[in-house]
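One structure is given below, encoded as structure tokens.
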Amino acid sequence: MKKRNIKASLYLSLFVMAAVLYGCRKNEILDTENPNAVTPDSFWNTEEDAIKGIVGAYSPFTHIWYYSRFEIFLSDYRDDVVNAFGTSERTAAGSFNGVSTSNGAFWVWSTMFQGITRANEVLANVPDIEMNGDTKNSILGEAYFIRAFNYFNLLNNWKNVPLITDPISELENPKSLLQEDPAKVWAQIESDLMNAEELLPDSWPTQYTGRVTAGAAIGLLGKVYLYQGKDSEAKTEFLKIMDGRYELMADYAANFTEASENNKESLFEIQLVNDGSQGWGGDAPGAGKGAAFHPDIAPKGFTGQDGMRINQWVLDLFLDERTVNDEIDPRAFTTLFFDTDEVTNYEGKELKSVTYGDKSYQDVYPGEDGVWGNKWLDIAFGEYTGSQDNGWHQSGNNLRLLRYSDILLMFAEAEFNLNGSSQAALDAINEVRARVDMPAFTSITMQDIEDERVKELSLERTRYFDLLRWDKVQSRIVANPEFKSESGGTSSYKPGKEYIDIPQNEIDANPNFKHNPGY
């Protein structure tokens with residue numbers, strides 16, 4: 001019910017926002033204003049307007065061009081875990097074959113900037129509205145977070161991006177915008193998240209579940225610092241939310257089921273909904289807001305898309321060590337579909353390798369080798385037999401983008417960088433391992449931290465960006481073309497292609513924009 005209520009208010013907000021942004025023009029003949037048009041002056045006047053505006057700023061997250069589907073091709077499909085089938089614009093970035101005219105890349109870029117544009121409108125207009133002070137602060141905090149989150153994604157995908165913090169209508173000449181020094185964009189992200197941390201509430205009433213909190217801003221700020229090598233600052237932020245406000249779920253798999261959304265481990269997740277809408281997806285009623293990326297990670301034969309497989313090294317990493325009960329790491333069964341008759345007893349359940357329809361590996365692929373995706377598919381929900389039984393948006397399983405286990409592992413990394421294999425670093429990583437019955441480390445290396453992140457966070461939109469910030473894209477992906485063998489290998493790589501090229505239509509529209517290095 002919570003997601004249906006959010007969606008209903010979202011559609012109303014989007015209608016009004018569209019009218020504000022695009023529907024107010026003077027009559028070219030009479031040079032008089034249309035009295036029926038919604039304008040910025042007539043819209044940004046009440047608390048209700050402010051609420052509609054911020055809900056509209058969340059909307060791009062659920063666009064099929066963003067987290068509903070296409071973002072996965074710029075994150076998971078680019079890492080060393082996923083080996084995507086076919087050669088298309090969906091797999092191009094992952095094999096360093098992306099081009100500036102790619103629709104897929106431009107769609108994600110444009111939707112990220114759509115979120116930024118709407119956040120800018122909120123930040124520019126809501127301060128002047130007479131309304132409840134706490135409500136105003138919360139809305140402004142949300143807008144700061146949304147802008148920061150989108151710029152964080154833009155930096156990590158494109159690096160050389162324009163920095164826009166004012167409403168588009170206030171820019172004297174949009175074509176004079178420059179691609180900003182990334183350091184300045186990082187600084188803006190930090191500033192926005194500090195503001196968000198100050199303004200956001202620690203929690204929301206139940207009817208507003210899914211709106212960002214101060215904890216989400218703190219966690220993201222710590223991540224932003226870590227990505228820049230600011231380990232001391234990152235550690236400080238992470239410690240703020242290692243105060244008991246978040247906890248690990250007892251069952252690891254609970255983080256990936258529709259039945260356990262917005263749980264005590266989740267800092268930020270995209271609120272997806274299956275309401276029967278099967279449109280392509282976007283800012284309109286009747287356009288699906290479900291998990292349309294599921295067909296892109298489902299095992300072969302359970303999807304109508306090209307799909308992908310998981311590289312064998314990932315399964316090998318899981319199998320390299322056993323639980324304290326001498327069984328397979330339970331995370332392997334949640335994350336992967338693979339050939340094994342072994343079971344793991346975990347949280348009162350007997351885990352085994354199954355996919356849609358409760359089918360075993362040998363039921364589906366007799367005599368074949370291979371490893372496939374399983375995380376997010378929620379295969380026991382709805383008794384589905386495939387990832388598109390009811391169209392693109394059959395699943396409303398929320399996409400968790402920042403979890404407490406990630407916070408613990410990032411804290412362990414920052415602490416390790418500062419103080420080596422300290423007790424604090426050990427405690428953090430061992431808390432994650434204890435949840436899944438893995439033996440405690442008595443000392444750790446950086447490789448241990450990296451491996452733990454693979455086992456804990458694969459298929460959660462983090463691995464490629466971990467490799468990027470560790471400067472390991474070449475050593476892990478380029479130097480291992482077999483990881484991209486299903487889409488042509490990595491021979492197209494040139495230095496600089498760790499990032500995606502700037503969309504051609506942006507370059508055509510603005511003579512100041514330049515292609516990224518390597519293109």
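By order of appearance in the structure tokens: chains A, B, ..., then residues from 1 within every chain, and ligands from 1 in the order shown.
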Extract, using only C-alpha atoms, all DNA, RNA and protein residues at most 9 Å from region 70-77 of chain A, discarding same-chain residues fewer than 4 positions from it, and format them as a CSV table (one decimal) with all heavy atoms, in the first residue's frame.
```
chain,number,residue,atom,x,y,z
A,63,HIS,N,12.6,5.7,-13.4
A,63,HIS,CA,12.4,5.7,-14.8
A,63,HIS,C,13.1,4.5,-15.4
A,63,HIS,O,14.2,4.1,-14.9
A,63,HIS,CB,13.1,7.0,-15.4
A,63,HIS,CG,12.6,7.4,-16.7
A,63,HIS,ND1,12.8,6.6,-17.8
A,63,HIS,CD2,12.1,8.5,-17.2
A,63,HIS,CE1,12.3,7.2,-18.9
A,63,HIS,NE2,11.9,8.4,-18.6
A,64,ILE,N,12.6,3.9,-16.5
A,64,ILE,CA,13.2,2.8,-17.1
A,64,ILE,C,14.6,3.1,-17.6
A,64,ILE,O,15.4,2.2,-17.8
A,64,ILE,CB,12.3,2.2,-18.1
A,64,ILE,CG1,12.7,0.7,-18.4
A,64,ILE,CG2,12.3,3.0,-19.4
A,64,ILE,CD1,11.7,-0.1,-19.1
A,65,TRP,N,14.8,4.4,-17.9
A,65,TRP,CA,16.2,4.8,-18.3
A,65,TRP,C,17.2,4.9,-17.2
A,65,TRP,O,18.4,5.1,-17.4
A,65,TRP,CB,16.1,6.2,-19.0
A,65,TRP,CG,15.4,6.2,-20.3
A,65,TRP,CD1,14.9,5.1,-21.0
A,65,TRP,CD2,15.1,7.3,-21.1
A,65,TRP,NE1,14.3,5.5,-22.2
A,65,TRP,CE2,14.5,6.9,-22.3
A,65,TRP,CE3,15.4,8.7,-21.0
A,65,TRP,CZ2,14.1,7.7,-23.3
A,65,TRP,CZ3,15.0,9.6,-22.0
A,65,TRP,CH2,14.3,9.1,-23.1
A,66,TYR,N,16.7,4.7,-16.0
A,66,TYR,CA,17.6,4.8,-14.8
A,66,TYR,C,17.5,3.5,-14.1
A,66,TYR,O,17.8,2.4,-14.6
A,66,TYR,CB,17.2,6.0,-14.0
A,66,TYR,CG,18.2,6.6,-13.1
A,66,TYR,CD1,18.0,7.8,-12.4
A,66,TYR,CD2,19.5,6.0,-12.9
A,66,TYR,CE1,18.9,8.4,-11.6
A,66,TYR,CE2,20.4,6.6,-12.0
A,66,TYR,CZ,20.1,7.8,-11.4
A,66,TYR,OH,21.1,8.4,-10.6
A,81,VAL,N,32.4,-9.3,-12.9
A,81,VAL,CA,31.5,-10.4,-12.4
A,81,VAL,C,30.6,-10.8,-13.6
A,81,VAL,O,30.4,-12.0,-13.8
A,81,VAL,CB,30.6,-9.9,-11.2
A,81,VAL,CG1,29.5,-10.9,-10.9
A,81,VAL,CG2,31.5,-9.6,-10.0
A,82,VAL,N,30.1,-9.9,-14.3
A,82,VAL,CA,29.1,-10.1,-15.4
A,82,VAL,C,29.7,-10.3,-16.7
A,82,VAL,O,30.6,-9.5,-17.1
A,82,VAL,CB,28.0,-9.0,-15.4
A,82,VAL,CG1,27.2,-9.1,-16.7
A,82,VAL,CG2,27.2,-9.0,-14.2
A,83,ASN,N,29.4,-11.3,-17.4
A,83,ASN,CA,29.8,-11.5,-18.8
A,83,ASN,C,28.5,-11.5,-19.7
A,83,ASN,O,27.8,-12.5,-19.8
A,83,ASN,CB,30.5,-12.9,-19.0
A,83,ASN,CG,31.4,-13.0,-20.2
A,83,ASN,OD1,31.2,-12.3,-21.2
A,83,ASN,ND2,32.4,-13.9,-20.1
A,84,ALA,N,28.3,-10.3,-20.3
A,84,ALA,CA,27.0,-10.1,-21.0
A,84,ALA,C,27.0,-10.7,-22.4
A,84,ALA,O,28.0,-10.6,-23.1
A,84,ALA,CB,26.8,-8.6,-21.1
A,89,GLU,N,24.3,-1.8,-27.8
A,89,GLU,CA,24.6,-0.6,-26.9
A,89,GLU,C,24.5,-0.9,-25.4
A,89,GLU,O,25.0,-0.2,-24.6
A,89,GLU,CB,23.8,0.6,-27.3
A,89,GLU,CG,22.3,0.5,-27.1
A,89,GLU,CD,21.6,1.7,-27.4
A,89,GLU,OE1,22.2,2.6,-28.1
A,89,GLU,OE2,20.4,1.9,-27.0
A,90,ARG,N,23.8,-2.0,-25.2
A,90,ARG,CA,23.6,-2.4,-23.8
A,90,ARG,C,24.9,-3.0,-23.2
A,90,ARG,O,25.2,-2.9,-22.0
A,90,ARG,CB,22.5,-3.4,-23.6
A,90,ARG,CG,21.1,-2.8,-23.8
A,90,ARG,CD,20.0,-3.8,-23.9
A,90,ARG,NE,20.1,-4.6,-25.1
A,90,ARG,CZ,19.2,-5.5,-25.5
A,90,ARG,NH1,18.3,-5.9,-24.6
A,90,ARG,NH2,19.4,-6.2,-26.6
A,91,THR,N,25.7,-3.7,-24.1
A,91,THR,CA,26.9,-4.3,-23.6
A,91,THR,C,28.2,-3.5,-24.0
A,91,THR,O,29.3,-3.8,-23.6
A,91,THR,CB,27.1,-5.7,-24.2
A,91,THR,OG1,27.1,-5.6,-25.6
A,91,THR,CG2,25.9,-6.6,-23.8
A,92,ALA,N,28.0,-2.5,-24.8
A,92,ALA,CA,29.1,-1.7,-25.4
A,92,ALA,C,30.0,-1.1,-24.3
A,92,ALA,O,31.2,-1.2,-24.4
A,92,ALA,CB,28.6,-0.7,-26.3
A,93,ALA,N,29.5,-0.5,-23.3
A,93,ALA,CA,30.3,0.2,-22.3
A,93,ALA,C,31.1,-0.9,-21.6
A,93,ALA,O,32.3,-0.6,-21.2
A,93,ALA,CB,29.4,0.9,-21.3
A,94,GLY,N,30.6,-2.1,-21.3
A,94,GLY,CA,31.3,-3.1,-20.6
A,94,GLY,C,32.5,-3.7,-21.4
A,94,GLY,O,33.4,-4.2,-20.8
A,104,GLY,N,21.6,4.3,-25.0
A,104,GLY,CA,21.6,3.8,-23.7
A,104,GLY,C,22.3,4.7,-22.7
A,104,GLY,O,21.8,5.0,-21.6
A,105,ALA,N,23.5,5.1,-23.1
A,105,ALA,CA,24.3,6.0,-22.2
A,105,ALA,C,23.6,7.4,-22.1
A,105,ALA,O,23.6,7.9,-21.0
A,105,ALA,CB,25.7,6.2,-22.8
A,107,TRP,N,20.5,8.1,-22.4
A,107,TRP,CA,19.2,8.0,-21.5
A,107,TRP,C,19.6,8.1,-20.1
A,107,TRP,O,18.9,8.8,-19.3
A,107,TRP,CB,18.5,6.7,-21.8
A,107,TRP,CG,17.9,6.6,-23.2
A,107,TRP,CD1,17.5,7.6,-24.0
A,107,TRP,CD2,17.5,5.4,-23.9
A,107,TRP,NE1,16.9,7.2,-25.1
A,107,TRP,CE2,16.9,5.8,-25.1
A,107,TRP,CE3,17.6,4.0,-23.6
A,107,TRP,CZ2,16.4,4.9,-26.0
A,107,TRP,CZ3,17.1,3.1,-24.5
A,107,TRP,CH2,16.5,3.6,-25.7
A,108,VAL,N,20.6,7.4,-19.6
A,108,VAL,CA,20.9,7.4,-18.2
A,108,VAL,C,21.4,8.8,-17.8
A,108,VAL,O,21.0,9.4,-16.8
A,108,VAL,CB,21.9,6.3,-17.9
A,108,VAL,CG1,22.3,6.3,-16.4
A,108,VAL,CG2,21.4,4.9,-18.3
A,157,ASN,N,30.6,7.8,-13.7
A,157,ASN,CA,30.3,7.3,-15.1
A,157,ASN,C,31.0,8.1,-16.1
A,157,ASN,O,31.5,7.5,-17.1
A,157,ASN,CB,28.8,7.2,-15.3
A,157,ASN,CG,28.2,5.9,-14.7
A,157,ASN,OD1,28.5,4.8,-15.1
A,157,ASN,ND2,27.3,6.1,-13.7
A,292,ALA,N,12.3,-3.6,-14.1
A,292,ALA,CA,12.5,-4.1,-15.4
A,292,ALA,C,13.9,-4.6,-15.7
A,292,ALA,O,14.2,-5.0,-16.9
A,292,ALA,CB,12.1,-2.9,-16.4
A,293,PHE,N,14.8,-4.4,-14.8
A,293,PHE,CA,16.2,-5.0,-15.0
A,293,PHE,C,16.3,-6.5,-14.7
A,293,PHE,O,17.3,-7.1,-15.1
A,293,PHE,CB,17.2,-4.2,-14.2
A,293,PHE,CG,17.1,-4.4,-12.7
A,293,PHE,CD1,17.7,-5.5,-12.0
A,293,PHE,CD2,16.3,-3.6,-11.9
A,293,PHE,CE1,17.6,-5.7,-10.7
A,293,PHE,CE2,16.2,-3.8,-10.5
A,293,PHE,CZ,16.8,-4.8,-9.9
A,296,ASP,N,17.4,-8.8,-17.4
A,296,ASP,CA,18.8,-8.7,-17.8
A,296,ASP,C,19.7,-9.4,-16.9
A,296,ASP,O,20.9,-9.5,-17.2
A,296,ASP,CB,19.1,-7.2,-17.9
A,296,ASP,CG,18.3,-6.4,-18.9
A,296,ASP,OD1,18.3,-6.8,-20.0
A,296,ASP,OD2,17.6,-5.5,-18.4
A,308,MET,N,22.9,-12.4,-19.6
A,308,MET,CA,24.3,-12.5,-19.3
A,308,MET,C,24.5,-13.8,-18.4
A,308,MET,O,23.6,-14.4,-17.9
A,308,MET,CB,24.8,-11.3,-18.5
A,308,MET,CG,24.0,-11.0,-17.2
A,308,MET,SD,24.6,-12.0,-15.7
A,308,MET,CE,23.8,-11.2,-14.4
A,458,SER,N,27.9,-8.3,-4.8
A,458,SER,CA,27.8,-8.6,-6.2
A,458,SER,C,26.4,-8.3,-6.7
A,458,SER,O,25.4,-8.7,-6.0
A,458,SER,CB,28.3,-10.0,-6.6
A,458,SER,OG,29.7,-10.1,-6.6
A,459,LEU,N,26.3,-7.8,-7.9
A,459,LEU,CA,25.0,-7.4,-8.5
A,459,LEU,C,24.2,-6.4,-7.8
A,459,LEU,O,23.0,-6.3,-7.9
A,459,LEU,CB,24.1,-8.7,-8.7
A,459,LEU,CG,24.7,-9.8,-9.6
A,459,LEU,CD1,23.8,-11.0,-9.7
A,459,LEU,CD2,25.1,-9.3,-11.0
A,460,GLU,N,25.0,-5.5,-7.0
A,460,GLU,CA,24.4,-4.4,-6.3
A,460,GLU,C,24.9,-3.1,-6.8
A,460,GLU,O,24.9,-2.1,-6.0
A,460,GLU,CB,24.5,-4.6,-4.8
A,460,GLU,CG,23.8,-5.8,-4.3
A,460,GLU,CD,23.8,-5.9,-2.8
A,460,GLU,OE1,23.5,-4.9,-2.1
A,460,GLU,OE2,24.2,-7.0,-2.2
A,461,ARG,N,25.3,-3.0,-8.0
A,461,ARG,CA,25.7,-1.7,-8.7
A,461,ARG,C,27.0,-1.1,-8.0
A,461,ARG,O,27.1,0.1,-8.0
A,461,ARG,CB,24.6,-0.7,-8.7
A,461,ARG,CG,23.2,-1.3,-9.0
A,461,ARG,CD,23.1,-1.9,-10.4
A,461,ARG,NE,21.9,-2.6,-10.6
A,461,ARG,CZ,20.8,-2.1,-11.2
A,461,ARG,NH1,20.8,-0.8,-11.6
A,461,ARG,NH2,19.7,-2.8,-11.4
A,462,THR,N,27.9,-1.9,-7.4
A,462,THR,CA,29.0,-1.4,-6.7
A,462,THR,C,30.4,-1.8,-7.3
A,462,THR,O,31.4,-1.1,-7.2
A,462,THR,CB,29.0,-1.8,-5.2
A,462,THR,OG1,29.1,-3.2,-5.1
A,462,THR,CG2,27.8,-1.3,-4.5
A,463,ARG,N,30.4,-3.0,-7.9
A,463,ARG,CA,31.7,-3.6,-8.2
A,463,ARG,C,32.5,-2.9,-9.2
A,463,ARG,O,33.7,-2.6,-9.0
A,463,ARG,CB,31.5,-5.1,-8.7
A,463,ARG,CG,32.8,-5.8,-9.2
A,463,ARG,CD,33.8,-6.0,-8.1
A,463,ARG,NE,35.0,-6.8,-8.6
A,463,ARG,CZ,36.1,-7.0,-7.9
A,463,ARG,NH1,36.2,-6.6,-6.6
A,463,ARG,NH2,37.0,-7.7,-8.4
A,464,TYR,N,31.9,-2.4,-10.3
A,464,TYR,CA,32.7,-1.7,-11.3
A,464,TYR,C,33.3,-0.4,-10.7
A,464,TYR,O,34.5,-0.1,-10.9
A,464,TYR,CB,31.9,-1.3,-12.5
A,464,TYR,CG,32.7,-0.6,-13.5
A,464,TYR,CD1,33.5,-1.3,-14.4
A,464,TYR,CD2,32.7,0.8,-13.6
A,464,TYR,CE1,34.4,-0.6,-15.3
A,464,TYR,CE2,33.6,1.5,-14.5
A,464,TYR,CZ,34.4,0.8,-15.3
A,464,TYR,OH,35.2,1.4,-16.2
A,465,PHE,N,32.6,0.3,-9.8
A,465,PHE,CA,33.0,1.5,-9.3
A,465,PHE,C,34.1,1.3,-8.2
A,465,PHE,O,34.9,2.1,-7.9
A,465,PHE,CB,31.9,2.4,-8.8
A,465,PHE,CG,30.9,2.6,-9.9
A,465,PHE,CD1,29.6,2.0,-9.9
A,465,PHE,CD2,31.2,3.4,-11.0
A,465,PHE,CE1,28.7,2.1,-11.0
A,465,PHE,CE2,30.3,3.5,-12.1
A,465,PHE,CZ,29.1,2.9,-12.0
A,500,ILE,N,32.7,6.6,-19.5
A,500,ILE,CA,31.8,6.6,-20.7
A,500,ILE,C,32.0,8.0,-21.5
A,500,ILE,O,32.3,9.0,-20.8
A,500,ILE,CB,30.4,6.4,-20.3
A,500,ILE,CG1,30.2,5.2,-19.5
A,500,ILE,CG2,29.5,6.4,-21.6
A,500,ILE,CD1,28.9,5.0,-18.8
```
Using only C-alpha atoms for the distances, tell me which of A:Ser387, A:Met112, A:Gly373, A:Ser266 is nearest to Arg211 (chain A). A:Ser266
Could you give me, as a list in words, the residues within 9 Å of Leu317 (chain A), counting only C-alpha atoms and dropping anything in the same chain fewer than 4 positions from it? Gln312, Trp313, Glu321, Asp451, Val454 and Lys455 of chain A
Run DSSP on the backbone and grab whatever in region 188-279 of chain A lands in strand (DSSP E); send it over as a PyMOL selection string. chain A and resi 266-270
File of the preceding selection, C-alpha atoms, as a compact mmCIF listing (two decimals), in the first residue's frame:
```txt
# COMPACT_ATOMS: atom_id res chain seq x y z
CA SER A 266 18.62 -0.40 4.38
CA LEU A 267 19.86 3.19 4.21
CA PHE A 268 18.54 4.00 0.73
CA GLU A 269 16.56 2.03 -1.80
CA ILE A 270 14.60 2.75 -4.97
```
Give me, as a PyMOL selection string, all polymer residues having an atom no more than 9 Å from Phe381 (chain A), counting only C-alpha atoms and skipping those fewer than 2 positions away in the same chain. chain A and resi 257-259+377-379+383-384+395
Could you take the residues named above and write them with N, CA and C atoms, as a CSV table (one decimal), in the first residue's frame?
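Result written to result19.csv:
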```
chain,number,residue,atom,x,y,z
A,257,THR,N,14.3,-9.3,-1.1
A,257,THR,CA,12.9,-9.8,-1.4
A,257,THR,C,11.9,-8.6,-1.2
A,258,GLU,N,10.8,-8.7,-1.9
A,258,GLU,CA,9.8,-7.7,-1.8
A,258,GLU,C,9.2,-7.7,-0.4
A,259,ALA,N,9.2,-8.9,0.2
A,259,ALA,CA,8.5,-9.0,1.5
A,259,ALA,C,9.3,-8.2,2.6
A,377,LEU,N,15.9,-11.6,-8.0
A,377,LEU,CA,14.8,-12.2,-8.8
A,377,LEU,C,13.6,-12.6,-7.9
A,378,ASP,N,13.9,-12.8,-6.6
A,378,ASP,CA,12.7,-13.1,-5.7
A,378,ASP,C,11.9,-14.3,-6.2
A,379,ILE,N,12.6,-15.3,-6.6
A,379,ILE,CA,12.0,-16.4,-7.4
A,379,ILE,C,10.8,-17.1,-6.7
A,383,GLU,N,5.1,-17.0,-7.6
A,383,GLU,CA,5.2,-18.3,-8.4
A,383,GLU,C,5.4,-18.0,-9.9
A,384,TYR,N,6.3,-17.1,-10.2
A,384,TYR,CA,6.7,-16.9,-11.5
A,384,TYR,C,7.5,-18.0,-12.1
A,395,SER,N,7.8,-7.4,-11.3
A,395,SER,CA,8.3,-7.4,-9.9
A,395,SER,C,8.3,-6.0,-9.3
```
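Within region 257-346 of chain A, residues classed as helix (DSSP H, G or I) by DSSP on backbone coordinates are Glu258, Ala259, Ser260, His294, Pro295, Asp296, Ile297, Gln312, Trp313, Val314, Leu315, Asp316, Leu317, Phe318, Leu319, Pro330, Arg331, Ala332, Phe333, Thr334 and Thr335 of chain A.
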Okay, now the selection with C-alpha atoms, as a PDB file, in the first residue's frame?
```pdb
ATOM      1  CA  GLU A 258       9.821  -7.697  -1.819  1.00  0.00           C
ATOM      2  CA  ALA A 259       8.524  -8.957   1.516  1.00  0.00           C
ATOM      3  CA  SER A 260      11.409  -7.339   3.437  1.00  0.00           C
ATOM      4  CA  HIS A 294      15.302  -8.491 -13.809  1.00  0.00           C
ATOM      5  CA  PRO A 295      15.200  -9.897 -17.383  1.00  0.00           C
ATOM      6  CA  ASP A 296      18.774  -8.670 -17.807  1.00  0.00           C
ATOM      7  CA  ILE A 297      20.123 -10.719 -14.897  1.00  0.00           C
ATOM      8  CA  GLN A 312      33.407 -18.621 -13.014  1.00  0.00           C
ATOM      9  CA  TRP A 313      35.913 -16.863 -10.736  1.00  0.00           C
ATOM     10  CA  VAL A 314      33.034 -15.443  -8.696  1.00  0.00           C
ATOM     11  CA  LEU A 315      31.692 -18.888  -7.805  1.00  0.00           C
ATOM     12  CA  ASP A 316      35.231 -20.091  -7.138  1.00  0.00           C
ATOM     13  CA  LEU A 317      35.695 -17.233  -4.680  1.00  0.00           C
ATOM     14  CA  PHE A 318      32.564 -18.262  -2.807  1.00  0.00           C
ATOM     15  CA  LEU A 319      33.713 -21.882  -2.721  1.00  0.00           C
ATOM     16  CA  PRO A 330      24.758 -18.943   2.131  1.00  0.00           C
ATOM     17  CA  ARG A 331      25.324 -15.764   0.109  1.00  0.00           C
ATOM     18  CA  ALA A 332      26.306 -17.956  -2.841  1.00  0.00           C
ATOM     19  CA  PHE A 333      22.776 -19.372  -3.100  1.00  0.00           C
ATOM     20  CA  THR A 334      21.206 -15.908  -2.873  1.00  0.00           C
ATOM     21  CA  THR A 335      23.548 -14.401  -5.452  1.00  0.00           C
TER      22      THR A 335
END
```
Would you mind listing what lies within 8 Å of region 285-288 of chain A as an MDAnalysis selection string, with only C-alpha atoms counted and same-chain residues fewer than 4 positions away left out? chainID A and resid 11 64 274:281 392:393
Export of the given selection (C-alpha atoms) as an mmCIF file, in the first residue's frame:
```
data_model
loop_
_atom_site.group_PDB
_atom_site.id
_atom_site.type_symbol
_atom_site.label_atom_id
_atom_site.label_comp_id
_atom_site.auth_asym_id
_atom_site.auth_seq_id
_atom_site.Cartn_x
_atom_site.Cartn_y
_atom_site.Cartn_z
ATOM 1 C CA TYR A 11 1.714 11.242 -10.839
ATOM 2 C CA ILE A 64 13.216 2.771 -17.070
ATOM 3 C CA ASN A 274 4.318 -3.683 -9.772
ATOM 4 C CA ASP A 275 0.848 -2.237 -10.334
ATOM 5 C CA GLY A 276 0.066 -3.770 -13.699
ATOM 6 C CA SER A 277 1.477 -0.884 -15.741
ATOM 7 C CA GLN A 278 3.598 -2.251 -18.558
ATOM 8 C CA GLY A 279 4.567 0.849 -20.501
ATOM 9 C CA TRP A 280 8.153 1.614 -21.426
ATOM 10 C CA GLY A 281 8.499 3.638 -18.248
ATOM 11 C CA TRP A 392 8.680 -5.822 -18.020
ATOM 12 C CA HIS A 393 7.533 -4.661 -14.615
#
```
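In terms of minimum interatomic distance to Asn512 (chain A), A:Gln179 ranks closest within A:Ser42, A:Asn390, A:Ser68, A:Gln179, counting only C-alpha atoms.
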Quick one: contact table of region 190-302 of chain A to region 431-450 of chain A, 12 Å max, nearest atom pair and distance in Å to one decimal per residue, counting only C-alpha atoms, chain and number order, as CSV?
```
residue,atom,partner,partner_atom,distance
A:Met242,CA,A:Glu431,CA,11.7
A:Glu247,CA,A:Glu431,CA,10.2
A:Leu248,CA,A:Arg435,CA,7.5
A:Met249,CA,A:Arg435,CA,8.0
A:Ala250,CA,A:Arg435,CA,6.4
A:Asp251,CA,A:Arg435,CA,7.4
A:Tyr252,CA,A:Val436,CA,7.0
A:Ala253,CA,A:Val436,CA,10.0
A:Ala254,CA,A:Arg435,CA,11.9
A:Glu265,CA,A:Val432,CA,11.6
```
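When CA of Val55 (chain A) is paired with CA of Ala291 (chain A), their separation reads 19.4 Å.
If only C-alpha atoms are the atoms counted, then among A:Ala57, A:Leu418, A:Leu163, A:Leu468 the closest residue to Ala187 (chain A) is A:Leu163.
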I'd like the contact shell of Ala124 (chain A) - 10 Å cut-off, only C-alpha atoms, skipping same-chain residues fewer than 2 positions apart - returned as a VMD selection string. chain A and resid 44 118 to 122 126 to 128 140 165 to 167
